[in-house]
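A.B. asks: Pasting a structure here, questions to come.
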Amino acid sequence: MADKARVAVMVSGTGTNLQALIDAQKSGLIEKGEIVLVISNKEDAYALERARKEGIETFVITQKASGGRDGFEEACKEIIDSRNIDLIVLAGFLMILSKEFVTYYDHKIINVHPALIPSFCGDGFYGLKPHIAALERGVKVTGATVHFVNEIADGGEIIAQKAVNVEEGDTPEILERRVMEQAEWLILPVAVAKLCRKIVKNRK
Ligand code: GAR
């Protein structure tokens with residue numbers, strides 16, 4: 001639909017953040033956006049099932065099959081550009097994209113990170129690792145961040161953040177789940193909704 005921003009979601013795993021976006025689209029929160037494409041760099045990502053169930057077009061592009069990161073990114077560009085994508089959401093996408101790729105899509109790629117940037121972020125901090133580091137450091141508050149993606153890992157402009165308390169007895173898994181429930185699944189859909197509204201408004 002012309003009055004909606006076309007959204008691509010890139011995933012690597014379970015896809016609970018993708019599910020939060022799908023639910024937000026269904027509930028009308030993401031009123032001016034439509035998820036039209038899901039790309040996974042992992043064949044067995046459960047996120048693919050979530051997308052297929054909704055009839056969203058999916059692609060699996062592995063680095064191995066495409067001859068490394070350059071080949072992977074070329075294949076992604078071809079698909080993304082041929083589908084006139086306005087916004088690319090990295091939702092549990094666990095690969096670092098090249099400077100060329102992120103510059104090509106300047107201010108069109110956003111990411112959700114499971115910590116309060118600038119804490120526990122950058123190269124090597126993905127999945128459970130920020131939570132393990134947060135518990136080791138003994139912080140009492142952590143959270144999640146949605147940010148634009150630039151050439152520095154987790155270094156782009158911050159769009160939204162939400163704090164979550166660390167509780168006595170937390171394991172990395174328990175903390176990960178709380179950060180998802182209390183932060184990621186809330187701030188990512190809101191950020192996508194806001195950006196989609198802006199994209200559509202700027203077209204007029
Ligand atoms: C989420 O916690 C997300 O923030 C994190 O991976 C998890 C994926 O969960 N992303 C990163 O660490 C990126 N640096 P999901 O597949 O269920 O959405």
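Letters A, B, ... go to the chains of the structure tokens in the order shown; residues in each chain start at 1; ligands are counted from 1 in the same order.
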Using only C-alpha atoms and all ligand atoms, which residues have at least one atom no more than 7 Å from ligand 1? Output them as a ChimeraX atom specification.

C.D. replies: /A:11-18,47,91-94,112-114,125-127,176,180,184

A.B. asks: Using only C-alpha atoms, what does the table of segment 14-128 of chain A residues within 10 Å of segment 146-162 of chain A look like, with each row giving the shortest atom pair and its distance in Å to one decimal, sorted by chain and ascending number, as JSON lines?

C.D. replies:
{"residue": "A:Ile88", "atom": "CA", "partner": "A:Val149", "partner_atom": "CA", "distance": 9.8}
{"residue": "A:Val89", "atom": "CA", "partner": "A:Phe148", "partner_atom": "CA", "distance": 9.4}
{"residue": "A:Leu90", "atom": "CA", "partner": "A:Val149", "partner_atom": "CA", "distance": 8.9}
{"residue": "A:Ala91", "atom": "CA", "partner": "A:Val146", "partner_atom": "CA", "distance": 10.0}
{"residue": "A:Ile96", "atom": "CA", "partner": "A:Ala153", "partner_atom": "CA", "distance": 7.1}
{"residue": "A:Leu97", "atom": "CA", "partner": "A:Glu151", "partner_atom": "CA", "distance": 7.9}
{"residue": "A:Ser98", "atom": "CA", "partner": "A:Glu151", "partner_atom": "CA", "distance": 6.9}
{"residue": "A:Lys99", "atom": "CA", "partner": "A:Glu151", "partner_atom": "CA", "distance": 4.7}
{"residue": "A:Glu100", "atom": "CA", "partner": "A:Glu151", "partner_atom": "CA", "distance": 8.2}
{"residue": "A:Phe101", "atom": "CA", "partner": "A:Glu151", "partner_atom": "CA", "distance": 8.7}
{"residue": "A:Val102", "atom": "CA", "partner": "A:Asn150", "partner_atom": "CA", "distance": 5.7}
{"residue": "A:Thr103", "atom": "CA", "partner": "A:Asn150", "partner_atom": "CA", "distance": 6.9}
{"residue": "A:Tyr105", "atom": "CA", "partner": "A:Val149", "partner_atom": "CA", "distance": 9.1}
{"residue": "A:Asp106", "atom": "CA", "partner": "A:Asn150", "partner_atom": "CA", "distance": 7.3}
{"residue": "A:His107", "atom": "CA", "partner": "A:Phe148", "partner_atom": "CA", "distance": 6.1}
{"residue": "A:Lys108", "atom": "CA", "partner": "A:Phe148", "partner_atom": "CA", "distance": 7.5}
{"residue": "A:Ile109", "atom": "CA", "partner": "A:Val149", "partner_atom": "CA", "distance": 5.5}
{"residue": "A:Ile110", "atom": "CA", "partner": "A:Phe148", "partner_atom": "CA", "distance": 4.3}
{"residue": "A:Asn111", "atom": "CA", "partner": "A:His147", "partner_atom": "CA", "distance": 5.6}
{"residue": "A:Val112", "atom": "CA", "partner": "A:Val146", "partner_atom": "CA", "distance": 4.5}
{"residue": "A:His113", "atom": "CA", "partner": "A:Val146", "partner_atom": "CA", "distance": 6.3}
{"residue": "A:Pro114", "atom": "CA", "partner": "A:Val146", "partner_atom": "CA", "distance": 9.0}
{"residue": "A:Ala115", "atom": "CA", "partner": "A:Gln161", "partner_atom": "CA", "distance": 8.8}
{"residue": "A:Leu116", "atom": "CA", "partner": "A:Gln161", "partner_atom": "CA", "distance": 6.7}
{"residue": "A:Ile117", "atom": "CA", "partner": "A:Asp154", "partner_atom": "CA", "distance": 7.4}
{"residue": "A:Pro118", "atom": "CA", "partner": "A:Asp154", "partner_atom": "CA", "distance": 8.1}
{"residue": "A:Phe120", "atom": "CA", "partner": "A:Asp154", "partner_atom": "CA", "distance": 9.7}
{"residue": "A:Cys121", "atom": "CA", "partner": "A:Asp154", "partner_atom": "CA", "distance": 6.2}
{"residue": "A:Gly122", "atom": "CA", "partner": "A:Ala153", "partner_atom": "CA", "distance": 4.8}
{"residue": "A:Asp123", "atom": "CA", "partner": "A:Ala153", "partner_atom": "CA", "distance": 5.9}
{"residue": "A:Gly124", "atom": "CA", "partner": "A:Ala153", "partner_atom": "CA", "distance": 9.3}
{"residue": "A:Phe125", "atom": "CA", "partner": "A:Asp154", "partner_atom": "CA", "distance": 9.3}

A.B. asks: Could you please write out, as a PyMOL selection string, every residue of segment 50-133 of chain A that DSSP assigns to helix (DSSP H, G or I)?

C.D. replies: chain A and resi 50-53+69-82+99-104+129-133

A.B. asks: As a count of residues only, please: every residue in segment 116-194 of chain A that DSSP puts in strand (DSSP E or B).

C.D. replies: 16

A.B. asks: Might you pull out every residue within 9 Å of Arg178 of chain A, with only C-alpha atoms counted and same-chain residues fewer than 5 positions away left off, and present them as a PyMOL selection string?

C.D. replies: chain A and resi 143+164-166+173+183

A.B. asks: Let's have the selection written as an mmCIF file, in the first residue's frame, with N, CA and C atoms.

C.D. replies:
data_model
loop_
_atom_site.group_PDB
_atom_site.id
_atom_site.type_symbol
_atom_site.label_atom_id
_atom_site.label_comp_id
_atom_site.auth_asym_id
_atom_site.auth_seq_id
_atom_site.Cartn_x
_atom_site.Cartn_y
_atom_site.Cartn_z
ATOM 1 N N GLY A 143 18.906 -2.882 30.419
ATOM 2 C CA GLY A 143 17.758 -2.502 29.598
ATOM 3 C C GLY A 143 18.002 -2.793 28.134
ATOM 4 N N VAL A 164 15.647 -1.615 32.804
ATOM 5 C CA VAL A 164 15.040 -2.789 33.452
ATOM 6 C C VAL A 164 15.891 -3.114 34.682
ATOM 7 N N ASN A 165 15.250 -3.416 35.792
ATOM 8 C CA ASN A 165 16.009 -3.743 37.010
ATOM 9 C C ASN A 165 16.637 -5.129 36.936
ATOM 10 N N VAL A 166 17.840 -5.233 37.483
ATOM 11 C CA VAL A 166 18.463 -6.535 37.687
ATOM 12 C C VAL A 166 18.023 -6.986 39.071
ATOM 13 N N GLU A 173 19.834 -15.956 31.506
ATOM 14 C CA GLU A 173 18.588 -16.304 30.794
ATOM 15 C C GLU A 173 17.385 -15.577 31.380
ATOM 16 N N ALA A 183 11.345 -4.390 27.947
ATOM 17 C CA ALA A 183 11.959 -3.319 27.145
ATOM 18 C C ALA A 183 11.887 -3.601 25.638
#

A.B. asks: Near Lys204 of chain A, counting only C-alpha atoms, which residues have an atom at most 10 Å away, once you skip same-chain residues fewer than 4 positions from it, shown as an NGL selection string?

C.D. replies: :A and (3 or 199-200)

A.B. asks: Once you have the residues from the selection above, write them out as a compact mmCIF listing (two decimals), in the first residue's frame, restricted to C-alpha atoms.

C.D. replies:
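Dumped to out.txt:
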# COMPACT_ATOMS: atom_id res chain seq x y z
CA ASP A 3 0.37 4.99 2.34
CA ILE A 199 8.60 8.06 6.22
CA VAL A 200 5.01 8.26 4.99

A.B. asks: What gap, in Å, lies between atom CA of Gly33 of chain A and atom CA of Leu188 of chain A?

C.D. replies: 13.2 Å

A.B. asks: Can you list every residue of segment 64-93 of chain A that has an atom at most 9 Å from segment 36-41 of chain A, with its nearest atom pair and the distance in Å to one decimal, using only C-alpha atoms, ordered by chain then number, as a tab-separated table?

C.D. replies:
residue	atom	partner	partner_atom	distance
A:Phe72	CA	A:Asn41	CA	8.4
A:Cys76	CA	A:Ile39	CA	7.8
A:Ile80	CA	A:Leu37	CA	8.2
A:Arg83	CA	A:Leu37	CA	8.4
A:Ile85	CA	A:Val36	CA	8.3
A:Phe93	CA	A:Ser40	CA	7.8

A.B. asks: At what distance in Å, to one decimal, does atom CA of Asp81 of chain A lie from atom CA of Ile187 of chain A?

C.D. replies: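 We find that atom CA of Ile187 of chain A and atom CA of Asp81 of chain A lie 26.7 Å from each other.
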